[in-house]
$ cat protein_1.pdb   # PDB, C-alpha atoms
ATOM      1  CA  MET A   1       4.440 -10.245   0.019
ATOM      2  CA  THR A   2       2.179 -10.911  -2.942
ATOM      3  CA  LYS A   3       1.317  -8.155  -5.398
ATOM      4  CA  GLN A   4      -2.000  -6.389  -4.967
ATOM      5  CA  TYR A   5      -3.873  -5.506  -8.142
ATOM      6  CA  GLU A   6      -6.714  -3.144  -8.935
ATOM      7  CA  SER A   7      -8.805  -6.043 -10.295
ATOM      8  CA  GLU A   8      -8.563  -9.698 -11.282
ATOM      9  CA  VAL A   9      -8.432  -8.706 -14.954
ATOM     10  CA  LEU A  10      -5.460  -6.424 -14.370
ATOM     11  CA  ALA A  11      -3.797  -9.182 -12.344
ATOM     12  CA  SER A  12      -4.085 -11.514 -15.339
ATOM     13  CA  VAL A  13      -2.784  -8.877 -17.741
ATOM     14  CA  HIS A  14       0.141  -8.064 -15.465
ATOM     15  CA  GLU A  15       1.082 -11.703 -14.954
ATOM     16  CA  ALA A  16       1.034 -12.293 -18.733
ATOM     17  CA  ALA A  17       3.206  -9.217 -19.276
ATOM     18  CA  LEU A  18       5.590 -10.398 -16.578
ATOM     19  CA  GLY A  19       5.963 -13.716 -18.369
ATOM     20  CA  LEU A  20       6.771 -11.918 -21.616
ATOM     21  CA  ALA A  21       9.334  -9.726 -19.848
ATOM     22  CA  GLU A  22      11.001 -12.719 -18.201
ATOM     23  CA  ALA A  23      11.202 -14.440 -21.603
ATOM     24  CA  GLY A  24      12.904 -11.343 -23.032
ATOM     25  CA  LEU A  25       9.985 -10.512 -25.327
ATOM     26  CA  MET A  26       9.059  -7.259 -23.582
ATOM     27  CA  SER A  27      11.325  -4.363 -22.648
ATOM     28  CA  LYS A  28      11.858  -3.229 -19.069
ATOM     29  CA  ARG A  29      10.386   0.147 -19.986
ATOM     30  CA  THR A  30       7.156  -1.429 -21.196
ATOM     31  CA  MET A  31       7.027  -3.641 -18.083
ATOM     32  CA  ARG A  32       7.301  -0.546 -15.867
ATOM     33  CA  LYS A  33       4.261   0.885 -17.656
ATOM     34  CA  PHE A  34       2.328  -2.319 -16.933
ATOM     35  CA  ASP A  35       3.397  -2.089 -13.282
ATOM     36  CA  GLU A  36       2.100   1.476 -13.032
ATOM     37  CA  MET A  37      -1.169   0.569 -14.726
ATOM     38  CA  CYS A  38      -1.961  -2.682 -12.918
ATOM     39  CA  LEU A  39      -0.611  -2.471  -9.375
ATOM     40  CA  THR A  40      -2.455  -0.767  -6.530
ATOM     41  CA  PRO A  41      -1.576   2.936  -6.634
ATOM     42  CA  VAL A  42      -0.158   4.591  -3.541
ATOM     43  CA  ARG A  43      -1.461   7.990  -2.460
ATOM     44  CA  GLU A  44      -0.307  10.369   0.222
ATOM     45  CA  MET A  45      -2.279  10.128   3.461
ATOM     46  CA  THR A  46      -3.040  12.966   5.855
ATOM     47  CA  PRO A  47      -2.892  12.504   9.628
ATOM     48  CA  GLU A  48      -6.704  12.544   9.615
ATOM     49  CA  ASP A  49      -6.781   9.808   6.948
ATOM     50  CA  ILE A  50      -4.498   7.573   9.015
ATOM     51  CA  ARG A  51      -6.471   8.064  12.225
ATOM     52  CA  ALA A  52      -9.771   7.468  10.407
ATOM     53  CA  LEU A  53      -8.355   4.307   8.862
ATOM     54  CA  ARG A  54      -7.200   3.025  12.243
ATOM     55  CA  MET A  55     -10.562   3.842  13.799
ATOM     56  CA  ARG A  56     -12.398   2.157  10.908
ATOM     57  CA  GLU A  57     -10.387  -0.978  11.632
ATOM     58  CA  ARG A  58     -11.203  -0.635  15.348
ATOM     59  CA  ALA A  59      -7.555  -0.971  16.331
ATOM     60  CA  SER A  60      -5.558   0.772  19.011
ATOM     61  CA  GLN A  61      -2.360   2.504  17.968
ATOM     62  CA  ALA A  62      -0.396  -0.416  19.439
ATOM     63  CA  VAL A  63      -2.337  -3.062  17.493
ATOM     64  CA  PHE A  64      -2.229  -0.997  14.297
ATOM     65  CA  ALA A  65       1.537  -0.535  14.695
ATOM     66  CA  LEU A  66       2.012  -4.260  15.272
ATOM     67  CA  HIS A  67       0.237  -5.099  12.007
ATOM     68  CA  LEU A  68       2.319  -2.540  10.089
ATOM     69  CA  ASN A  69       5.570  -3.614  11.809
ATOM     70  CA  VAL A  70       6.274  -0.094  13.085
ATOM     71  CA  THR A  71       6.397   1.384  16.573
ATOM     72  CA  THR A  72       3.374   2.728  18.403
ATOM     73  CA  GLY A  73       5.203   6.046  18.648
ATOM     74  CA  LEU A  74       5.505   6.235  14.874
ATOM     75  CA  VAL A  75       1.765   5.680  14.398
ATOM     76  CA  SER A  76       1.177   8.440  16.938
ATOM     77  CA  GLN A  77       3.555  10.763  15.063
ATOM     78  CA  TRP A  78       1.750  10.025  11.785
ATOM     79  CA  GLU A  79      -1.601  10.849  13.375
ATOM     80  CA  ARG A  80      -0.264  14.108  14.835
ATOM     81  CA  GLY A  81       1.347  15.098  11.532
ATOM     82  CA  GLU A  82       4.868  15.113  12.966
ATOM     83  CA  LYS A  83       5.980  12.511  10.436
ATOM     84  CA  ARG A  84       4.539  11.225   7.168
ATOM     85  CA  PRO A  85       4.515   7.585   6.100
ATOM     86  CA  ARG A  86       6.730   6.855   3.102
ATOM     87  CA  GLY A  87       7.774   3.860   1.029
ATOM     88  CA  PRO A  88       6.722   0.456   2.372
ATOM     89  CA  SER A  89       4.740   1.954   5.262
ATOM     90  CA  LEU A  90       2.658   4.031   2.868
ATOM     91  CA  LYS A  91       2.076   0.996   0.642
ATOM     92  CA  LEU A  92       0.892  -1.037   3.643
ATOM     93  CA  LEU A  93      -1.458   1.765   4.709
ATOM     94  CA  THR A  94      -2.844   1.878   1.168
ATOM     95  CA  LEU A  95      -3.444  -1.886   1.223
ATOM     96  CA  VAL A  96      -5.128  -1.650   4.634
ATOM     97  CA  GLU A  97      -7.319   1.157   3.305
ATOM     98  CA  LYS A  98      -8.336  -0.948   0.320
ATOM     99  CA  ASN A  99      -8.531  -4.451   1.840
ATOM    100  CA  GLY A 100      -8.716  -4.052   5.604
ATOM    101  CA  LEU A 101      -6.224  -4.755   8.362
ATOM    102  CA  GLY A 102      -6.505  -8.499   7.771
ATOM    103  CA  ALA A 103      -4.736  -8.013   4.432
ATOM    104  CA  VAL A 104      -1.441  -7.347   6.220
ATOM    105  CA  ALA A 105      -1.977  -9.613   9.226
TER     106      ALA A 105
END
$ encode --input "protein_1.pdb" --output "structure tokens"
Amino acid sequence: MTKQYESEVLASVHEAALGLAEAGLMSKRTMRKFDEMCLTPVREMTPEDIRALRMRERASQAVFALHLNVTTGLVSQWERGEKRPRGPSLKLLTLVEKNGLGAVA
């Protein structure tokens, strides 16, 4: 999966920093700071947020789950608040929120 940036400018800055890090001219600590600053931030999502996002994309739970590579039951559990998305699932939801379902299709 390609990296998603806040803006084209930050993408350029991050790619330049990555080149410096790979050449050994920038520390890993500094590179982590660039990652935090430039990459799309992930935020917690409530069950209402997830359902609203799915409805905005006009997708059934089954179609939404297929795009996120999770089960329909898991999407249902997220929307009922029984489980909360974490890690890669939360990142994908954040990207869908920002760029639409087509971004992960």
$ closest_residue --input "protein_1.pdb" --among "A:Ser89, A:Pro47, A:Ala105, A:Leu25" --to "Gln77 (chain A)" --atoms "only C-alpha atoms"
A:Pro47
$ atom_distance --input "protein_1.pdb" --atom1 "CA of Arg58 (chain A)" --atom2 "CA of Thr71 (chain A)"
17.8 Å
$ resolve_selection --input "protein_1.pdb" --expression "the PyMOL selection byres ((chain A and resi 26-38) around 12)" --output "PyMOL selection string"
chain A and resi 3-25+39-42
$ write_last_selection --input "protein_1.pdb" --atoms "C-alpha atoms" --output "tab-separated table (two decimals), in the coordinates of the input"
chain	number	residue	atom	x	y	z
A	3	LYS	CA	1.32	-8.15	-5.40
A	4	GLN	CA	-2.00	-6.39	-4.97
A	5	TYR	CA	-3.87	-5.51	-8.14
A	6	GLU	CA	-6.71	-3.14	-8.94
A	7	SER	CA	-8.80	-6.04	-10.30
A	8	GLU	CA	-8.56	-9.70	-11.28
A	9	VAL	CA	-8.43	-8.71	-14.95
A	10	LEU	CA	-5.46	-6.42	-14.37
A	11	ALA	CA	-3.80	-9.18	-12.34
A	12	SER	CA	-4.08	-11.51	-15.34
A	13	VAL	CA	-2.78	-8.88	-17.74
A	14	HIS	CA	0.14	-8.06	-15.46
A	15	GLU	CA	1.08	-11.70	-14.95
A	16	ALA	CA	1.03	-12.29	-18.73
A	17	ALA	CA	3.21	-9.22	-19.28
A	18	LEU	CA	5.59	-10.40	-16.58
A	19	GLY	CA	5.96	-13.72	-18.37
A	20	LEU	CA	6.77	-11.92	-21.62
A	21	ALA	CA	9.33	-9.73	-19.85
A	22	GLU	CA	11.00	-12.72	-18.20
A	23	ALA	CA	11.20	-14.44	-21.60
A	24	GLY	CA	12.90	-11.34	-23.03
A	25	LEU	CA	9.98	-10.51	-25.33
A	39	LEU	CA	-0.61	-2.47	-9.38
A	40	THR	CA	-2.46	-0.77	-6.53
A	41	PRO	CA	-1.58	2.94	-6.63
A	42	VAL	CA	-0.16	4.59	-3.54
$ resolve_selection --input "protein_1.pdb" --expression "the PyMOL selection byres ((chain A and resi 68) around 8)" --output "JSON, numbers by chain"
{"A": [64, 65, 66, 67, 69, 70, 89, 92, 93, 104]}
$ atom_distance --input "protein_1.pdb" --atom1 "CA of Arg80 (chain A)" --atom2 "CA of Ser60 (chain A)"
14.9 Å
$ residues_near_point --input "protein_1.pdb" --point "(-8.6, -2.9, 8.0)" --cutoff "10 Å" --atoms "only C-alpha atoms" --output "list of chain:residue names"
A:Leu53, A:Arg54, A:Met55, A:Arg56, A:Glu57, A:Arg58, A:Ala59, A:Phe64, A:His67, A:Leu93, A:Leu95, A:Val96, A:Glu97, A:Lys98, A:Asn99, A:Gly100, A:Leu101, A:Gly102, A:Ala103, A:Val104, A:Ala105
